[in-house]
Amino acid sequence: MKNASRTRWLIQHFKREWQIYLLLAPLVIWFLLFLYKPMYGLQIAFKDFSLFKGVDASPWVGLEHFRSLFDSDMFLRAIKNTFIISFLNLMIGFPMPIILALMFNEIVQGKFRKTVQTIVYLPHFISLVIIAGIVINIFSPSTGVVNLLLMKLGFEPIYFLTQPEWFRPIFIGSGIWQEAGFQSIVYLAAIAGVSPSLYESAVVDGASRWQMMWKITLPCILPTIIIMLIIRIGNLLEVGFELIILLYQPATFQTADVINTFIYRQGLVGNQYDVAAAAGLFNAVVAFVLVMTANSISRRFTRTSLW
Amino acid sequence: MRAMKLPLALAIATTVGLSAPLFAADEDYRIVDKPLTLTIHFHSGDKIVYDSDWPVEKRAAELTGISLDGVASMATQKSADAFNLMIASGDLADIVGGNRLKDGFNQYGQEGAFQPLNELIDEHAPNIKAFFESRPDIKSAISAADGNIYYIPYLPEGDFGRMYFIRQDWLDILELETPKTVDELYKVLTAFRNDDPNGNGKKDEVPFLSRDWEEIVRLVVLWDARTTGSDTFHDYYVKDGKVVHGYTEEEYKTGMMNLAKWYQEGLIDPEFFTRGKRSREVLFGDNLGGMTHDWYPSTTSFNDSLADKVPGFNLKAMPPPASPSGRQLEEHRVIPVKPDGWAISYTNEHPVETIKYFDFWFTDLGRRLSNFGVEGVHYDLVDGKAIFKPEVLNASDPVNAQMWNVGAQIPKGFLQDFEYQAQWTNEMGLESIALYEAGDYLTEQFLGVSMNPDEQNVYDKYQGNLLTYMLEMQQIWILGTEDVEAGWDKYQEQLDKLGYNKIIDAMQSAYDRQYGS
């Protein structure tokens with residue numbers, strides 16, 4: 001009896017709301033096709049995979065690929081580099097757009113503000129290949145701006161892109177240069193949503209602009225910051241490896257080689273899909289743990305969370 | 001009626017008289033009575049897909065009765081991706097071809113994706129058979145570990161590729177001789193660096209440059225080391241019947257120490273790792289470059305293209321400078337068999353016709369067609385020799401690009417004719433070849449081994465990381481980040497840890513099986 005009424009309710013519900021479900025359908029189908037179906041193929045991480053035999057017919061080899069991965073100094077080094085680059089990126093790269101947004105917010109003059117904003121947004125729309133070309137040219141030992149400056153100041157020119165210790169600063173710096181402006185849009189939107197009455201009463205109370213920024217703007221956009229932080233942590237291990245591939249050299253592998261570039265070399269260049277899948281699976285599991293941890297910490301301490 | 005017939009037949013005979021012998025000859029190449037269309041997946045060099053409209057393909061279809069329908073699409077840009085996608089889909093075209101497919105053909109062939117060709121060749125392909133009988137080494141080189149042949153390879157002809165080129169005009173300005181030994185070369189490059197041969201008053205000369213950074217590394221050959229055994233960079237080579245890698249040997253250490261010194265002293269392009277593929281155009285064009293090691297056709301062409309921009313520009317081939325032990329070696333050589341070609345897939349229902357079709361390209365006519373294009377359109381037959389028409393030789397596009405556009409010189413299974421290249425090589429190029437031919441500087445090549453699945457597993461497991469490490473240390477040493485002498489023992493230890501000896505064991509057993517020893 002109860003079941004029957006439930007079914008009737010469902011039918012009525014769908015009759016009433018079918019348009020909404022129709023709107024939802026493309027995304028669900030996209031998820032199923034492009035994110036869930038490929039998970040079936042993850043099993044090749046545990047198989048001796050042959051393209052011709054296919055996923056099903058390839059023989060199982062258990063944890064063989066994981067064992068050889070963790071036996072390899074190269075992979076361990078890639079893990080280490082991934083974490084170092086990610087955390088540096090998070091520490092330095094994450095606050096940048098917030099600072100930028102706060103600074104934009106303090107600019108009163110309309111035209112100047114618009115011009116500056118456009119200039120800092122622009123790099124976001126340039127292809128990575130071109131960014132890499134620009135970086136290579138700027139840091140070139142003979143014609144690069146940086147080295148010309150160094151030489152004018154009486155220093156020896158440095159071949160930056162072949163020095164392991166310079167790779168991370170250059171990589172993180174160019175990442176910030178490209179993305180910080182565009183990412184600040186989210187925070188600007190959040191700032192725009194802060195109720196003007198708060199500022200008005202603060203002005204009445206005689207607060208300085210500095211105090212207003214610290215006591216009103218920042219607390220009001222804190223939820224946005226936290227959400228962005230959690231998302232960022234979820235993507236922590238997804239270092240922008242395309243830019244690394246464009247910039248690194250064997251000479252800088254010791255600081256530049258990350259899990260994704262390792263996967264690229266093993267899987268796509270070396271055609272070892274099974275080993276690469278194992279490395280990718282490991283990467284995904286670590287990323288999953290990280291985002292879960294960040295989310296629960298955030299829920300406990302700030303009551304803001306993704307879910 | 002009867003009286004009518006004879007003159008008519010005569011009349012026909014006289015009108016077609018000129019082409020009659022050709023017509024009869026054409027009939028000899030016919031493979032099938034009823035036209036047969038086979039599908040072909042041919043994606044090569046990230047730029048060529050098989051096109052049924054190619055004049056060469058159309059002519060071959062007329063002659064053999066078999067036409068090929070290209071199913072590969074340029075929508076996939078990477079040839080390797082196109083091949084892998086097709087294999088993964090399991091939906092194979094009748095014929096599969098392209099470049100760098102040897103490992104794919106042999107691995108998936110043994111798994112059943114391609115048909116073994118040995119018996120088909122013996123019974124139906126007299127020309128291919130004759131070729132393999134004359135070159136048993138090539139037959140071994142392309143055979144899979146199970147002893148079967150799974151593909152018909154592209155066989156380039158002409159040994160010479162890269163050569164040492166030096167700025168003769170700079171030598172003349174500084175009144176120097178062409179360096180004959182590595183020590184003399186050192187002095188010449190130092191002079192290029194210090195004595196301002198381009199005369200602009202600045203110390204901006206780049207004595208040695210290359211568009212491939214691997215070529216800088218190859219300089220270690222001048223100190224008796226080896227960097228590769230084939231036309232692929234960083235390959236293994238065979239030394240007295242043993243497979244070894246040049247990057248593990250003592251001579252390599254000596255070479256690296258000297259190279260680091262050269263780099264430190266500015267004799268080598270300081271930016272060679274990041275300069276990129278156009279470094280020759282840039283550095284020669286700005287009158288900054290002094291010497292390189294590169295392909296002779298493109299390198300000699302700078303003498304023409306830069307004649308206006310750099311007055312007196314004269315880039316000339318020189319013999320390889322002698323090493324301390326007196327060895328004069330040009331390590332690079334055009335390999336006689338490329339890992340390219342075509343194969344018959346397991347779904348092909350006409351294997352006999354297909355192998356006969358493959359064999360057609362090894363006949364004289366087929367070979368001319370695949371080398372020079374269509375007779376009467378791209379070449380004329382003069383005294384039995386194919387000669388390119390003047391409009392082909394004088395066109396603005398290089399001849400090889402023109403040939404690709406009509407379906408000739410594509411890396412399918414065919415035997416290249418060096419005559420094709422000689423006809424459009426400039427005089428400088430021919431001189432360079434003569435110089436290197438006279439000196440006999442080339443060496444035997446390592447044509448690769450076909451490993452069985454166990455050996456292949458060992459190789460796949462270790463090779464990637466091993467090579468990465470070798471290249472990493474190579475750069476670190478040349479750039480002077482670490483001292484070669486100090487790091488050498490650790491390097492050797494690490495190579496062992498990364499499985500160098502295991503790879504060598506696997507390759508050696510495959511080598512012994514394949515080439516007999």
# chains A, B, ... in the order shown; residues from 1 in each chain; ligands from 1
$ closest_atom_pairs --of "chain B" --to "chain A" --cutoff "8 Å" --atoms "only C-alpha atoms" --output "JSON lines"
{"residue": "B:Asn84", "atom": "CA", "partner": "A:Leu51", "partner_atom": "CA", "distance": 7.2}
{"residue": "B:Ile87", "atom": "CA", "partner": "A:Phe52", "partner_atom": "CA", "distance": 5.4}
{"residue": "B:Ala88", "atom": "CA", "partner": "A:Leu51", "partner_atom": "CA", "distance": 4.9}
{"residue": "B:Ser89", "atom": "CA", "partner": "A:Phe52", "partner_atom": "CA", "distance": 8.0}
{"residue": "B:Gly90", "atom": "CA", "partner": "A:Phe52", "partner_atom": "CA", "distance": 6.5}
{"residue": "B:Tyr108", "atom": "CA", "partner": "A:Phe52", "partner_atom": "CA", "distance": 6.4}
{"residue": "B:Glu111", "atom": "CA", "partner": "A:Phe52", "partner_atom": "CA", "distance": 7.5}
{"residue": "B:Ala113", "atom": "CA", "partner": "A:Phe52", "partner_atom": "CA", "distance": 7.0}
{"residue": "B:Pro270", "atom": "CA", "partner": "A:Pro141", "partner_atom": "CA", "distance": 7.7}
{"residue": "B:Glu271", "atom": "CA", "partner": "A:Pro141", "partner_atom": "CA", "distance": 7.1}
{"residue": "B:Phe273", "atom": "CA", "partner": "A:Gln249", "partner_atom": "CA", "distance": 7.5}
{"residue": "B:Thr274", "atom": "CA", "partner": "A:Ile136", "partner_atom": "CA", "distance": 7.4}
{"residue": "B:Asp460", "atom": "CA", "partner": "A:Gln272", "partner_atom": "CA", "distance": 7.5}
{"residue": "B:Lys461", "atom": "CA", "partner": "A:Ser68", "partner_atom": "CA", "distance": 7.9}
{"residue": "B:Gly464", "atom": "CA", "partner": "A:Gly270", "partner_atom": "CA", "distance": 6.7}
{"residue": "B:Asn465", "atom": "CA", "partner": "A:Met74", "partner_atom": "CA", "distance": 6.9}
{"residue": "B:Thr468", "atom": "CA", "partner": "A:Pro250", "partner_atom": "CA", "distance": 7.0}
{"residue": "B:Tyr469", "atom": "CA", "partner": "A:Pro250", "partner_atom": "CA", "distance": 7.9}
{"residue": "B:Leu471", "atom": "CA", "partner": "A:Pro250", "partner_atom": "CA", "distance": 5.9}
{"residue": "B:Glu472", "atom": "CA", "partner": "A:Pro250", "partner_atom": "CA", "distance": 4.2}
{"residue": "B:Met473", "atom": "CA", "partner": "A:Ala251", "partner_atom": "CA", "distance": 7.0}
{"residue": "B:Gln474", "atom": "CA", "partner": "A:Ala251", "partner_atom": "CA", "distance": 7.8}
{"residue": "B:Gln475", "atom": "CA", "partner": "A:Ala251", "partner_atom": "CA", "distance": 5.1}
{"residue": "B:Ile476", "atom": "CA", "partner": "A:Ala251", "partner_atom": "CA", "distance": 5.2}
{"residue": "B:Leu479", "atom": "CA", "partner": "A:Thr162", "partner_atom": "CA", "distance": 7.8}
{"residue": "B:Thr481", "atom": "CA", "partner": "A:Gln163", "partner_atom": "CA", "distance": 7.8}
{"residue": "B:Leu498", "atom": "CA", "partner": "A:Ser72", "partner_atom": "CA", "distance": 7.7}
$ write_last_selection --atoms "C-alpha atoms" --output "PDB file, in the first residue's frame"
ATOM      1  CA  ASN B  84      46.755   3.191 -31.066  1.00  0.00           C
ATOM      2  CA  ILE B  87      44.197  -1.008 -32.432  1.00  0.00           C
ATOM      3  CA  ALA B  88      42.200  -0.326 -29.267  1.00  0.00           C
ATOM      4  CA  SER B  89      38.954  -0.216 -31.225  1.00  0.00           C
ATOM      5  CA  GLY B  90      39.687  -3.669 -32.677  1.00  0.00           C
ATOM      6  CA  TYR B 108      50.191  -6.866 -31.899  1.00  0.00           C
ATOM      7  CA  GLU B 111      48.894 -11.219 -30.401  1.00  0.00           C
ATOM      8  CA  ALA B 113      46.220  -8.451 -35.008  1.00  0.00           C
ATOM      9  CA  PRO B 270      75.186  28.434 -24.390  1.00  0.00           C
ATOM     10  CA  GLU B 271      71.439  28.062 -24.960  1.00  0.00           C
ATOM     11  CA  PHE B 273      68.837  23.153 -24.640  1.00  0.00           C
ATOM     12  CA  THR B 274      66.231  25.820 -25.188  1.00  0.00           C
ATOM     13  CA  ASP B 460      59.757  -1.680 -20.962  1.00  0.00           C
ATOM     14  CA  LYS B 461      60.071  -1.745 -17.202  1.00  0.00           C
ATOM     15  CA  GLY B 464      62.227   4.734 -19.697  1.00  0.00           C
ATOM     16  CA  ASN B 465      63.647   5.626 -16.311  1.00  0.00           C
ATOM     17  CA  THR B 468      65.695   9.701 -18.326  1.00  0.00           C
ATOM     18  CA  TYR B 469      68.464   9.394 -15.763  1.00  0.00           C
ATOM     19  CA  LEU B 471      69.933  12.363 -20.120  1.00  0.00           C
ATOM     20  CA  GLU B 472      69.495  14.153 -16.838  1.00  0.00           C
ATOM     21  CA  MET B 473      73.098  13.514 -15.791  1.00  0.00           C
ATOM     22  CA  GLN B 474      74.264  14.373 -19.286  1.00  0.00           C
ATOM     23  CA  GLN B 475      72.800  17.853 -19.080  1.00  0.00           C
ATOM     24  CA  ILE B 476      73.901  18.385 -15.500  1.00  0.00           C
ATOM     25  CA  LEU B 479      76.133  22.614 -17.868  1.00  0.00           C
ATOM     26  CA  THR B 481      76.223  21.834 -12.298  1.00  0.00           C
ATOM     27  CA  LEU B 498      67.965   1.390 -12.663  1.00  0.00           C
TER      28      LEU B 498
END
$ residues_around --residues "Val49 of chain B" --least-positions-apart "5" --cutoff "9 Å" --atoms "only C-alpha atoms" --output "PyMOL selection string"
chain B and resi 41-44+70-74+79+98
$ residues_around --residues "segment 402-419 of chain B" --least-positions-apart "5" --cutoff "8 Å" --atoms "only C-alpha atoms" --output "PyMOL selection string"
chain B and resi 44+48+50-51+54-57+97-99+151-158+340-342+358+361-362+367+369-373+392+397
$ residues_around --residues "Gly448 of chain B" --least-positions-apart "5" --cutoff "12 Å" --atoms "only C-alpha atoms" --output "ChimeraX atom specification"
/B:102-103,137-145,228-232,235-238,243,335-339,507-508,510-512,514-515
$ residues_around --residues "Lys261 of chain B" --least-positions-apart "2" --cutoff "12 Å" --atoms "only C-alpha atoms" --output "list in words"
Tyr186, Thr190, Val220, Thr254, Gly255, Met256, Met257, Asn258, Leu259, Tyr263, Gln264, Glu265, Gly266, Leu267, Ile268, Trp477, Ile478, Leu479, Gly480, Asp483 and Val484 of chain B
$ atom_distance --atom1 "atom CA of Val129 of chain A" --atom2 "atom CA of Gly173 of chain A"
16.0 Å
$ atom_distance --atom1 "atom CA of Glu62 of chain B" --atom2 "atom CA of Lys34 of chain B"
11.6 Å
$ atom_distance --atom1 "atom CA of Asn118 of chain B" --atom2 "atom CA of Glu133 of chain B"
12.5 Å
$ residues_around --residues "Ile173 of chain B" --least-positions-apart "4" --cutoff "10 Å" --atoms "only C-alpha atoms" --output "PyMOL selection string"
chain B and resi 168-169+195-199
$ closest_residue --among "A:Ile126, A:Ile134, A:Ala101, A:Ile259" --to "Ile191 of chain A" --atoms "only C-alpha atoms"
A:Ala101
$ residues_around --residues "Ile504 of chain B" --least-positions-apart "2" --cutoff "9 Å" --atoms "only C-alpha atoms" --output "PDB file with N, CA and C atoms, in the first residue's frame"
ATOM      1  N   LYS B 242      78.583  -7.566 -28.753  1.00  0.00           N
ATOM      2  CA  LYS B 242      77.880  -7.339 -27.481  1.00  0.00           C
ATOM      3  C   LYS B 242      77.069  -6.044 -27.568  1.00  0.00           C
ATOM      4  N   VAL B 243      75.836  -6.120 -27.091  1.00  0.00           N
ATOM      5  CA  VAL B 243      75.001  -4.916 -27.064  1.00  0.00           C
ATOM      6  C   VAL B 243      75.415  -4.060 -25.864  1.00  0.00           C
ATOM      7  N   VAL B 244      75.747  -2.813 -26.111  1.00  0.00           N
ATOM      8  CA  VAL B 244      76.098  -1.907 -25.008  1.00  0.00           C
ATOM      9  C   VAL B 244      75.469  -0.546 -25.279  1.00  0.00           C
ATOM     10  N   HIS B 245      75.462   0.283 -24.247  1.00  0.00           N
ATOM     11  CA  HIS B 245      75.036   1.661 -24.435  1.00  0.00           C
ATOM     12  C   HIS B 245      76.247   2.569 -24.273  1.00  0.00           C
ATOM     13  N   TYR B 459      62.612  -4.813 -20.724  1.00  0.00           N
ATOM     14  CA  TYR B 459      63.016  -3.588 -21.408  1.00  0.00           C
ATOM     15  C   TYR B 459      62.056  -2.445 -21.082  1.00  0.00           C
ATOM     16  N   GLY B 499      68.590  -0.779 -13.585  1.00  0.00           N
ATOM     17  CA  GLY B 499      68.340  -1.955 -14.409  1.00  0.00           C
ATOM     18  C   GLY B 499      69.111  -2.025 -15.711  1.00  0.00           C
ATOM     19  N   TYR B 500      70.217  -1.272 -15.815  1.00  0.00           N
ATOM     20  CA  TYR B 500      70.981  -1.305 -17.067  1.00  0.00           C
ATOM     21  C   TYR B 500      71.400  -2.721 -17.431  1.00  0.00           C
ATOM     22  N   ASN B 501      71.944  -3.445 -16.456  1.00  0.00           N
ATOM     23  CA  ASN B 501      72.436  -4.788 -16.774  1.00  0.00           C
ATOM     24  C   ASN B 501      71.310  -5.737 -17.159  1.00  0.00           C
ATOM     25  N   LYS B 502      70.138  -5.527 -16.545  1.00  0.00           N
ATOM     26  CA  LYS B 502      69.001  -6.392 -16.891  1.00  0.00           C
ATOM     27  C   LYS B 502      68.569  -6.150 -18.333  1.00  0.00           C
ATOM     28  N   ALA B 506      68.636  -8.845 -21.494  1.00  0.00           N
ATOM     29  CA  ALA B 506      67.466  -9.116 -22.327  1.00  0.00           C
ATOM     30  C   ALA B 506      67.778  -8.865 -23.800  1.00  0.00           C
ATOM     31  N   MET B 507      68.431  -7.737 -24.068  1.00  0.00           N
ATOM     32  CA  MET B 507      68.704  -7.408 -25.466  1.00  0.00           C
ATOM     33  C   MET B 507      69.726  -8.364 -26.056  1.00  0.00           C
ATOM     34  N   GLN B 508      70.705  -8.751 -25.226  1.00  0.00           N
ATOM     35  CA  GLN B 508      71.741  -9.638 -25.735  1.00  0.00           C
ATOM     36  C   GLN B 508      71.142 -10.989 -26.126  1.00  0.00           C
ATOM     37  N   SER B 509      70.250 -11.517 -25.294  1.00  0.00           N
ATOM     38  CA  SER B 509      69.683 -12.829 -25.631  1.00  0.00           C
ATOM     39  C   SER B 509      68.835 -12.703 -26.901  1.00  0.00           C
TER      40      SER B 509
END
$ select_by_dssp --residues "segment 39-266 of chain B" --states "strand (DSSP E or B)" --output "PyMOL selection string"
chain B and resi 39-44+48-49+66-70+95-98+114+152-153+155+162-167+181+206-208+237-239+242-244
$ decode --residues "segment 148-180 of chain B" --atoms "N, CA and C atoms" --output "PDB file, in the first residue's frame"
ATOM      1  N   ASN B 148      58.469 -14.566 -37.104  1.00  0.00           N
ATOM      2  CA  ASN B 148      57.621 -14.185 -38.238  1.00  0.00           C
ATOM      3  C   ASN B 148      57.880 -12.754 -38.686  1.00  0.00           C
ATOM      4  N   ILE B 149      57.571 -12.528 -39.958  1.00  0.00           N
ATOM      5  CA  ILE B 149      57.575 -11.162 -40.472  1.00  0.00           C
ATOM      6  C   ILE B 149      56.137 -10.682 -40.480  1.00  0.00           C
ATOM      7  N   TYR B 150      55.907  -9.518 -39.890  1.00  0.00           N
ATOM      8  CA  TYR B 150      54.537  -9.018 -39.848  1.00  0.00           C
ATOM      9  C   TYR B 150      54.320  -7.788 -40.714  1.00  0.00           C
ATOM     10  N   TYR B 151      55.403  -7.209 -41.234  1.00  0.00           N
ATOM     11  CA  TYR B 151      55.199  -6.010 -42.052  1.00  0.00           C
ATOM     12  C   TYR B 151      56.269  -5.909 -43.124  1.00  0.00           C
ATOM     13  N   ILE B 152      55.953  -5.188 -44.185  1.00  0.00           N
ATOM     14  CA  ILE B 152      56.915  -4.904 -45.236  1.00  0.00           C
ATOM     15  C   ILE B 152      57.438  -3.492 -44.979  1.00  0.00           C
ATOM     16  N   PRO B 153      58.747  -3.356 -44.770  1.00  0.00           N
ATOM     17  CA  PRO B 153      59.277  -2.073 -44.310  1.00  0.00           C
ATOM     18  C   PRO B 153      59.580  -1.092 -45.433  1.00  0.00           C
ATOM     19  N   TYR B 154      59.716   0.155 -45.026  1.00  0.00           N
ATOM     20  CA  TYR B 154      60.214   1.215 -45.893  1.00  0.00           C
ATOM     21  C   TYR B 154      61.729   1.146 -45.855  1.00  0.00           C
ATOM     22  N   LEU B 155      62.347   1.047 -47.023  1.00  0.00           N
ATOM     23  CA  LEU B 155      63.786   0.819 -47.103  1.00  0.00           C
ATOM     24  C   LEU B 155      64.473   2.006 -47.778  1.00  0.00           C
ATOM     25  N   PRO B 156      64.978   2.956 -46.987  1.00  0.00           N
ATOM     26  CA  PRO B 156      65.636   4.127 -47.578  1.00  0.00           C
ATOM     27  C   PRO B 156      66.956   3.735 -48.224  1.00  0.00           C
ATOM     28  N   GLU B 157      67.363   4.496 -49.210  1.00  0.00           N
ATOM     29  CA  GLU B 157      68.660   4.235 -49.824  1.00  0.00           C
ATOM     30  C   GLU B 157      69.517   5.488 -49.735  1.00  0.00           C
ATOM     31  N   GLY B 158      70.794   5.301 -49.731  1.00  0.00           N
ATOM     32  CA  GLY B 158      71.695   6.450 -49.581  1.00  0.00           C
ATOM     33  C   GLY B 158      72.128   6.506 -48.135  1.00  0.00           C
ATOM     34  N   ASP B 159      73.426   6.377 -47.902  1.00  0.00           N
ATOM     35  CA  ASP B 159      73.914   6.227 -46.538  1.00  0.00           C
ATOM     36  C   ASP B 159      74.039   7.534 -45.795  1.00  0.00           C
ATOM     37  N   PHE B 160      74.231   8.636 -46.537  1.00  0.00           N
ATOM     38  CA  PHE B 160      74.702   9.848 -45.870  1.00  0.00           C
ATOM     39  C   PHE B 160      73.573  10.722 -45.393  1.00  0.00           C
ATOM     40  N   GLY B 161      73.737  11.225 -44.189  1.00  0.00           N
ATOM     41  CA  GLY B 161      72.731  12.100 -43.613  1.00  0.00           C
ATOM     42  C   GLY B 161      73.393  13.321 -43.020  1.00  0.00           C
ATOM     43  N   ARG B 162      73.795  13.198 -41.765  1.00  0.00           N
ATOM     44  CA  ARG B 162      74.428  14.325 -41.086  1.00  0.00           C
ATOM     45  C   ARG B 162      75.930  14.351 -41.367  1.00  0.00           C
ATOM     46  N   MET B 163      76.459  15.553 -41.436  1.00  0.00           N
ATOM     47  CA  MET B 163      77.897  15.738 -41.631  1.00  0.00           C
ATOM     48  C   MET B 163      78.332  16.957 -40.830  1.00  0.00           C
ATOM     49  N   TYR B 164      79.659  17.066 -40.635  1.00  0.00           N
ATOM     50  CA  TYR B 164      80.195  18.256 -39.976  1.00  0.00           C
ATOM     51  C   TYR B 164      80.320  19.372 -41.000  1.00  0.00           C
ATOM     52  N   PHE B 165      79.783  20.532 -40.649  1.00  0.00           N
ATOM     53  CA  PHE B 165      79.882  21.681 -41.544  1.00  0.00           C
ATOM     54  C   PHE B 165      80.548  22.834 -40.800  1.00  0.00           C
ATOM     55  N   ILE B 166      81.492  23.492 -41.480  1.00  0.00           N
ATOM     56  CA  ILE B 166      82.205  24.596 -40.849  1.00  0.00           C
ATOM     57  C   ILE B 166      82.190  25.805 -41.773  1.00  0.00           C
ATOM     58  N   ARG B 167      82.265  26.995 -41.189  1.00  0.00           N
ATOM     59  CA  ARG B 167      82.242  28.217 -41.969  1.00  0.00           C
ATOM     60  C   ARG B 167      83.599  28.439 -42.617  1.00  0.00           C
ATOM     61  N   GLN B 168      83.707  28.071 -43.880  1.00  0.00           N
ATOM     62  CA  GLN B 168      84.966  28.235 -44.595  1.00  0.00           C
ATOM     63  C   GLN B 168      85.362  29.721 -44.645  1.00  0.00           C
ATOM     64  N   ASP B 169      84.366  30.605 -44.786  1.00  0.00           N
ATOM     65  CA  ASP B 169      84.697  32.035 -44.860  1.00  0.00           C
ATOM     66  C   ASP B 169      85.316  32.530 -43.558  1.00  0.00           C
ATOM     67  N   TRP B 170      84.874  31.993 -42.424  1.00  0.00           N
ATOM     68  CA  TRP B 170      85.479  32.383 -41.148  1.00  0.00           C
ATOM     69  C   TRP B 170      86.915  31.848 -41.047  1.00  0.00           C
ATOM     70  N   LEU B 171      87.083  30.594 -41.494  1.00  0.00           N
ATOM     71  CA  LEU B 171      88.446  30.026 -41.494  1.00  0.00           C
ATOM     72  C   LEU B 171      89.368  30.908 -42.323  1.00  0.00           C
ATOM     73  N   ASP B 172      88.854  31.349 -43.494  1.00  0.00           N
ATOM     74  CA  ASP B 172      89.678  32.183 -44.371  1.00  0.00           C
ATOM     75  C   ASP B 172      90.022  33.517 -43.716  1.00  0.00           C
ATOM     76  N   ILE B 173      89.013  34.136 -43.087  1.00  0.00           N
ATOM     77  CA  ILE B 173      89.254  35.435 -42.448  1.00  0.00           C
ATOM     78  C   ILE B 173      90.339  35.321 -41.383  1.00  0.00           C
ATOM     79  N   LEU B 174      90.256  34.228 -40.595  1.00  0.00           N
ATOM     80  CA  LEU B 174      91.224  34.064 -39.502  1.00  0.00           C
ATOM     81  C   LEU B 174      92.495  33.346 -39.963  1.00  0.00           C
ATOM     82  N   GLU B 175      92.541  33.041 -41.260  1.00  0.00           N
ATOM     83  CA  GLU B 175      93.684  32.340 -41.849  1.00  0.00           C
ATOM     84  C   GLU B 175      93.987  31.036 -41.108  1.00  0.00           C
ATOM     85  N   LEU B 176      92.938  30.207 -40.984  1.00  0.00           N
ATOM     86  CA  LEU B 176      93.095  28.920 -40.316  1.00  0.00           C
ATOM     87  C   LEU B 176      92.856  27.798 -41.319  1.00  0.00           C
ATOM     88  N   GLU B 177      93.428  26.638 -40.997  1.00  0.00           N
ATOM     89  CA  GLU B 177      93.211  25.448 -41.815  1.00  0.00           C
ATOM     90  C   GLU B 177      91.963  24.720 -41.294  1.00  0.00           C
ATOM     91  N   THR B 178      91.354  23.896 -42.153  1.00  0.00           N
ATOM     92  CA  THR B 178      90.273  23.036 -41.681  1.00  0.00           C
ATOM     93  C   THR B 178      90.838  22.088 -40.613  1.00  0.00           C
ATOM     94  N   PRO B 179      90.247  22.055 -39.428  1.00  0.00           N
ATOM     95  CA  PRO B 179      90.800  21.223 -38.354  1.00  0.00           C
ATOM     96  C   PRO B 179      90.723  19.734 -38.691  1.00  0.00           C
ATOM     97  N   LYS B 180      91.818  19.025 -38.444  1.00  0.00           N
ATOM     98  CA  LYS B 180      91.850  17.600 -38.766  1.00  0.00           C
ATOM     99  C   LYS B 180      91.692  16.725 -37.537  1.00  0.00           C
TER     100      LYS B 180
END
